[in-house]
2 protein chains.
Amino acid sequence: MNAATDNQASQEVQASPARFTGRYAGKIDAKGRIVVPPEFRQRLQNNEIFVFPHFDEPLLQCGDDQLVNDLLSALGGLDEFDEDRAILEEEITGGVMRLGIDDTGRTSLPKSLGEHAALEGALGFAGRGQHFVLGTAAYLDQRRDIARAAATKHRETLRARMLPSVRSRRSS
Amino acid sequence: MNAATDNQASQEVQASPARFTGRYAGKIDAKGRIVVPPEFRQRLQNNEIFVFPHFDEPLLQCGDDQLVNDLLSALGGLDEFDEDRAILEEEITGGVMRLGIDDTGRTSLPKSLGEHAALEGALGFAGRGQHFVLGTAAYLDQRRDIARAAATKHRETLRARMLPSVRSRRSS
DNA sequence: TTGTTTCCCATGATGACCCATGATATCCCA
DNA sequence: TGGGATATCATGGGTCATCATGGGAAACAA
């Protein structure tokens with residue numbers, strides 16, 4: 001049980017599965033380039049990033065070459081012979097785009113991906129553990145507000161279970 | 001060094017990850033030529049591409065000289081002594097067409113292949129891992145929409161593994 | 001020959017790559 | 001604890017390779 005409390009630690013456990021954490025701001029410059037947050041870039045290998053448009057949200061899921069496997073493993077809950085599963089598998093293996101990151105930490109997205117997330121102006125990066133997501137700052141803020149509201153609603157449950165430190169914290 | 005980290009046997013799915021990934025737009029020019037996306041062409045050898053019409057979709061399956069093997073191995077589900085299997089094997093080995101790619105990256109399809117996929121105007125290329133498919137942009141878009149609908153349909157099942165946080169914002 | 005297909009060249013456009021510079025954060029040492 | 005040195009980062013821009021595209025010439029078939 002002691003090892004399970006690694007949520008509060010200021011330093012991440014490198015061997016832990018949670019590789020991408022935190023929120024970072026970003027933007028698109030005049031040439032359409034996007035700076036990948038250094039904290040995330042350091043976790044990517046070979047200066048390459050894999051991107052997949054989220055199925056039902058205006059977000060781009062990003063990660064390393066494990067992204068495909070992560071996405072596919074999410075289908076584990078579906079019946080192996082379900083036709084939907086086959087379609088989703090195709091969509092994942094075919095939809096993941098491999099992009100390069102230059103030495104200044106920037107990448108440029110294909111237009112189709114940018115459109116999926118309606119990227120424009122202020123952007124946001126948000127860690128999701130095995131991968132991270134990219135979207136407009138506005139959308140991510142909205143998501144965070146919803147999450148906070150949900151957390152508040154279930155505060156008692158959460159506190160009892162795993163987040164004693166949340167007790168005195170309230171969003172302003 | 002990375003090889004030591006594969007503790008989870010369940011993730012072992014694809015040792016050599018997809019060679020053909022991502023989605024690219026294309027078209028047919030006035031002389032009937034099609035530009036093979038550079039990302040795919042780089043993975044083909046000897047400036048040649050192998051093409052085979054998909055069995056039940058208006059798509060052309062494309063790849064390198066491994067395509068025949070891939071297609072044949074897809075028959076693995078059929079009984080080894082099934083008569084249909086023998087027919088299909090003949091169909092595949094005899095039906096795969098080998099086409100050349102010129103140094104500007106273009107190829108021109110035999111009329112029969114173009115008709116199978118109803119190629120006209122805007123086209124789309126979609127990675128499928130070991131190979132990729134070619135079809136009209138309209139058809140591939142339709143497939144993507146179907147996949148997204150399926151993802152929404154199974155959202156609750158997928159969310160447990162793929163989408164932490166916020167539940168569907170069924171709005172007021 | 002005449003129409004059709006393949007091959008190759010030319011050109012403009014796009015994007016990848018690299019450099020420079022100023023700003024910011026971090027570290028070290030007095 | 002303050003200040004300087006150092007490393008990292010953000011940002012803009014220039015250059016060059018690659019690519020997209022149209023079209024001509026050559027090879028081929030009828």
# chains A, B, ... in the order shown; residues from 1 in each chain; ligands from 1

call {"tool": "residues_around", "arguments": {"residues": "C:DT6", "least_positions_apart": "2", "cutoff": "12 Å", "atoms": "only C-alpha atoms (C1' of nucleotides)", "output": "PyMOL selection string"}}
result
(chain B and resi 31+33+99-103+106-108) or (chain C and resi 4+8) or (chain D and resi 25-28)

call {"tool": "closest_atom_pairs", "arguments": {"of": "chain B", "to": "chain D", "cutoff": "9 Å", "atoms": "only C-alpha atoms (C1' of nucleotides)", "output": "JSON lines"}}
result
{"residue": "B:Asp29", "atom": "CA", "partner": "D:DT21", "partner_atom": "C1'", "distance": 8.7}
{"residue": "B:Val35", "atom": "CA", "partner": "D:DA20", "partner_atom": "C1'", "distance": 8.7}
{"residue": "B:Pro38", "atom": "CA", "partner": "D:DC19", "partner_atom": "C1'", "distance": 8.3}
{"residue": "B:Thr104", "atom": "CA", "partner": "D:DC19", "partner_atom": "C1'", "distance": 8.4}

call {"tool": "closest_atom_pairs", "arguments": {"of": "chain C", "to": "chain A", "cutoff": "10 Å", "atoms": "only C-alpha atoms (C1' of nucleotides)", "output": "JSON lines"}}
result
{"residue": "C:DG15", "atom": "C1'", "partner": "A:Ser108", "partner_atom": "CA", "distance": 9.1}
{"residue": "C:DA16", "atom": "C1'", "partner": "A:Asp102", "partner_atom": "CA", "distance": 8.4}
{"residue": "C:DC17", "atom": "C1'", "partner": "A:Asp102", "partner_atom": "CA", "distance": 7.4}
{"residue": "C:DC18", "atom": "C1'", "partner": "A:Asp103", "partner_atom": "CA", "distance": 8.6}

call {"tool": "write_last_selection", "arguments": {"atoms": "C-alpha atoms (C1' of nucleotides)", "output": "short mmCIF file (atom, residue, chain, number, x, y, z; two decimals), in the first residue's frame"}}
result
data_model
loop_
_atom_site.label_atom_id
_atom_site.label_comp_id
_atom_site.auth_asym_id
_atom_site.auth_seq_id
_atom_site.Cartn_x
_atom_site.Cartn_y
_atom_site.Cartn_z
"C1'" DG C 15 7.91 21.90 -46.00
"C1'" DA C 16 12.07 20.20 -43.36
"C1'" DC C 17 16.09 21.63 -41.44
"C1'" DC C 18 19.20 24.70 -39.40
#

call {"tool": "interface_residues", "arguments": {"of": "chain A", "to": "chain B", "cutoff": "8 Å", "atoms": "only C-alpha atoms", "output": "list in words"}}
result
Phe55, Asp56, Asn69, Asp70, Leu71, Ser73, Ala74, Leu75, Gly77, Leu78, Asp84, Ile87, Leu88, Glu90, Glu91, Thr93, Gly94, Gly95, Val96, Met97, Arg98, Arg128, Arg143, Ile146, Ala147 and Ala150 of chain A

call {"tool": "write_last_selection", "arguments": {"atoms": "N, CA and C atoms", "output": "short mmCIF file (atom, residue, chain, number, x, y, z; two decimals), in the first residue's frame"}}
result
data_model
loop_
_atom_site.label_atom_id
_atom_site.label_comp_id
_atom_site.auth_asym_id
_atom_site.auth_seq_id
_atom_site.Cartn_x
_atom_site.Cartn_y
_atom_site.Cartn_z
N PHE A 55 -11.44 9.95 -30.92
CA PHE A 55 -12.64 9.47 -31.62
C PHE A 55 -13.84 10.40 -31.46
N ASP A 56 -14.04 10.94 -30.28
CA ASP A 56 -15.24 11.76 -30.16
C ASP A 56 -15.02 13.08 -29.44
N ASN A 69 -0.26 0.69 -29.84
CA ASN A 69 -0.56 -0.43 -28.96
C ASN A 69 -1.50 -0.02 -27.83
N ASP A 70 -1.26 1.17 -27.29
CA ASP A 70 -2.12 1.63 -26.21
C ASP A 70 -3.55 1.77 -26.69
N LEU A 71 -3.70 2.37 -27.85
CA LEU A 71 -5.04 2.57 -28.37
C LEU A 71 -5.70 1.23 -28.68
N SER A 73 -5.07 -1.63 -27.34
CA SER A 73 -5.36 -2.39 -26.13
C SER A 73 -6.64 -1.87 -25.47
N ALA A 74 -6.98 -0.63 -25.78
CA ALA A 74 -8.23 -0.10 -25.24
C ALA A 74 -9.43 -0.83 -25.81
N LEU A 75 -9.21 -1.52 -26.93
CA LEU A 75 -10.31 -2.26 -27.54
C LEU A 75 -10.49 -3.63 -26.88
N GLY A 77 -11.85 -4.50 -24.35
CA GLY A 77 -13.16 -4.76 -23.78
C GLY A 77 -14.20 -5.18 -24.79
N LEU A 78 -13.84 -5.07 -26.06
CA LEU A 78 -14.80 -5.44 -27.09
C LEU A 78 -14.66 -6.90 -27.48
N ASP A 84 -17.45 -4.05 -35.21
CA ASP A 84 -17.01 -2.72 -34.82
C ASP A 84 -15.55 -2.73 -34.40
N ILE A 87 -13.30 -2.59 -37.39
CA ILE A 87 -13.28 -1.25 -37.99
C ILE A 87 -12.43 -0.31 -37.15
N LEU A 88 -12.58 -0.40 -35.85
CA LEU A 88 -11.80 0.48 -34.98
C LEU A 88 -10.32 0.16 -35.08
N GLU A 90 -8.73 -0.99 -37.65
CA GLU A 90 -8.26 -0.40 -38.90
C GLU A 90 -8.08 1.10 -38.78
N GLU A 91 -9.08 1.69 -38.16
CA GLU A 91 -9.04 3.15 -38.04
C GLU A 91 -7.85 3.60 -37.21
N THR A 93 -4.86 1.82 -36.61
CA THR A 93 -3.58 1.58 -37.28
C THR A 93 -3.39 2.52 -38.46
N GLY A 94 -4.50 2.86 -39.10
CA GLY A 94 -4.37 3.74 -40.25
C GLY A 94 -4.38 5.21 -39.90
N GLY A 95 -4.94 5.55 -38.76
CA GLY A 95 -5.11 6.95 -38.44
C GLY A 95 -3.94 7.56 -37.70
N VAL A 96 -3.12 6.74 -37.11
CA VAL A 96 -1.97 7.27 -36.37
C VAL A 96 -0.95 7.84 -37.33
N MET A 97 -0.59 9.09 -37.11
CA MET A 97 0.40 9.70 -37.98
C MET A 97 1.71 9.87 -37.22
N ARG A 98 2.79 9.55 -37.89
CA ARG A 98 4.10 9.69 -37.28
C ARG A 98 4.71 11.00 -37.75
N ARG A 128 -1.76 12.50 -19.98
CA ARG A 128 -2.80 11.48 -19.75
C ARG A 128 -2.15 10.16 -19.36
N ARG A 143 -12.89 21.22 -20.25
CA ARG A 143 -12.81 19.86 -19.72
C ARG A 143 -12.38 19.89 -18.25
N ILE A 146 -15.17 20.86 -15.97
CA ILE A 146 -16.12 19.76 -15.77
C ILE A 146 -15.54 18.75 -14.80
N ALA A 147 -14.25 18.45 -14.98
CA ALA A 147 -13.62 17.47 -14.10
C ALA A 147 -13.61 17.97 -12.66
N ALA A 150 -16.96 17.65 -11.16
CA ALA A 150 -17.23 16.26 -10.81
C ALA A 150 -16.47 15.87 -9.55
#

call {"tool": "select_by_dssp", "arguments": {"residues": "stretch 83-152 of chain B", "states": "alpha helix (DSSP H)", "output": "ChimeraX atom specification"}}
result
/B:83-95,111-116,137-152

call {"tool": "write_last_selection", "arguments": {"atoms": "N, CA and C atoms", "output": "short mmCIF file (atom, residue, chain, number, x, y, z; two decimals), in the first residue's frame"}}
result
data_model
loop_
_atom_site.label_atom_id
_atom_site.label_comp_id
_atom_site.auth_asym_id
_atom_site.auth_seq_id
_atom_site.Cartn_x
_atom_site.Cartn_y
_atom_site.Cartn_z
N GLU B 83 -12.30 -25.96 -50.10
CA GLU B 83 -12.18 -25.74 -51.55
C GLU B 83 -12.11 -24.25 -51.86
N ASP B 84 -12.91 -23.46 -51.13
CA ASP B 84 -12.91 -22.02 -51.36
C ASP B 84 -11.52 -21.43 -51.11
N ARG B 85 -10.87 -22.00 -50.15
CA ARG B 85 -9.56 -21.47 -49.84
C ARG B 85 -8.61 -21.60 -51.04
N ALA B 86 -8.65 -22.73 -51.64
CA ALA B 86 -7.80 -22.93 -52.81
C ALA B 86 -8.14 -21.93 -53.91
N ILE B 87 -9.41 -21.70 -54.08
CA ILE B 87 -9.83 -20.74 -55.09
C ILE B 87 -9.31 -19.35 -54.77
N LEU B 88 -9.46 -18.98 -53.51
CA LEU B 88 -9.02 -17.65 -53.09
C LEU B 88 -7.52 -17.50 -53.25
N GLU B 89 -6.80 -18.55 -52.92
CA GLU B 89 -5.34 -18.46 -53.06
C GLU B 89 -4.95 -18.22 -54.51
N GLU B 90 -5.63 -18.91 -55.38
CA GLU B 90 -5.36 -18.67 -56.80
C GLU B 90 -5.70 -17.24 -57.17
N GLU B 91 -6.83 -16.83 -56.69
CA GLU B 91 -7.29 -15.48 -57.01
C GLU B 91 -6.28 -14.43 -56.57
N ILE B 92 -5.70 -14.65 -55.40
CA ILE B 92 -4.75 -13.68 -54.87
C ILE B 92 -3.45 -13.72 -55.66
N THR B 93 -2.87 -14.89 -55.71
CA THR B 93 -1.57 -14.95 -56.38
C THR B 93 -1.65 -14.53 -57.83
N GLY B 94 -2.79 -14.80 -58.43
CA GLY B 94 -2.93 -14.40 -59.82
C GLY B 94 -3.42 -12.98 -60.00
N GLY B 95 -4.04 -12.43 -58.97
CA GLY B 95 -4.68 -11.13 -59.14
C GLY B 95 -3.83 -9.95 -58.72
N LYS B 111 -7.14 0.06 -65.95
CA LYS B 111 -8.52 0.52 -65.84
C LYS B 111 -9.34 -0.34 -64.88
N SER B 112 -9.09 -1.65 -64.90
CA SER B 112 -9.90 -2.55 -64.08
C SER B 112 -9.75 -2.22 -62.60
N LEU B 113 -8.53 -1.91 -62.20
CA LEU B 113 -8.31 -1.59 -60.79
C LEU B 113 -9.00 -0.28 -60.42
N GLY B 114 -8.84 0.70 -61.29
CA GLY B 114 -9.48 1.98 -61.01
C GLY B 114 -10.98 1.83 -60.88
N GLU B 115 -11.54 0.97 -61.70
CA GLU B 115 -12.99 0.80 -61.65
C GLU B 115 -13.43 0.10 -60.36
N HIS B 116 -12.61 -0.83 -59.92
CA HIS B 116 -12.98 -1.55 -58.70
C HIS B 116 -13.20 -0.58 -57.54
N ALA B 137 -11.77 9.52 -51.66
CA ALA B 137 -11.80 10.22 -50.38
C ALA B 137 -13.16 10.07 -49.73
N ALA B 138 -14.19 10.06 -50.55
CA ALA B 138 -15.54 9.96 -50.01
C ALA B 138 -15.72 8.63 -49.26
N TYR B 139 -15.25 7.55 -49.88
CA TYR B 139 -15.44 6.26 -49.23
C TYR B 139 -14.64 6.15 -47.94
N LEU B 140 -13.40 6.63 -47.98
CA LEU B 140 -12.58 6.54 -46.77
C LEU B 140 -13.14 7.42 -45.67
N ASP B 141 -13.67 8.57 -46.04
CA ASP B 141 -14.30 9.42 -45.03
C ASP B 141 -15.48 8.70 -44.40
N GLN B 142 -16.22 8.03 -45.25
CA GLN B 142 -17.38 7.29 -44.75
C GLN B 142 -16.94 6.23 -43.75
N ARG B 143 -15.87 5.52 -44.11
CA ARG B 143 -15.35 4.50 -43.19
C ARG B 143 -14.94 5.13 -41.86
N ARG B 144 -14.32 6.27 -41.92
CA ARG B 144 -13.90 6.92 -40.69
C ARG B 144 -15.11 7.32 -39.85
N ASP B 145 -16.13 7.81 -40.51
CA ASP B 145 -17.33 8.18 -39.78
C ASP B 145 -17.94 6.96 -39.09
N ILE B 146 -17.94 5.86 -39.80
CA ILE B 146 -18.48 4.63 -39.21
C ILE B 146 -17.67 4.24 -37.97
N ALA B 147 -16.35 4.35 -38.11
CA ALA B 147 -15.49 4.00 -36.98
C ALA B 147 -15.76 4.91 -35.79
N ARG B 148 -15.95 6.18 -36.07
CA ARG B 148 -16.18 7.10 -34.96
C ARG B 148 -17.52 6.84 -34.31
N ALA B 149 -18.48 6.48 -35.13
CA ALA B 149 -19.78 6.14 -34.56
C ALA B 149 -19.66 4.90 -33.68
N ALA B 150 -18.87 3.95 -34.15
CA ALA B 150 -18.68 2.73 -33.36
C ALA B 150 -18.00 3.06 -32.04
N ALA B 151 -17.04 3.97 -32.09
CA ALA B 151 -16.34 4.35 -30.86
C ALA B 151 -17.31 5.00 -29.89
N THR B 152 -18.18 5.81 -30.41
CA THR B 152 -19.18 6.45 -29.55
C THR B 152 -20.12 5.41 -28.95
#

call {"tool": "atom_distance", "arguments": {"atom1": "atom CA of A:Gln61", "atom2": "atom CA of A:Glu80"}}
result
24.1 Å
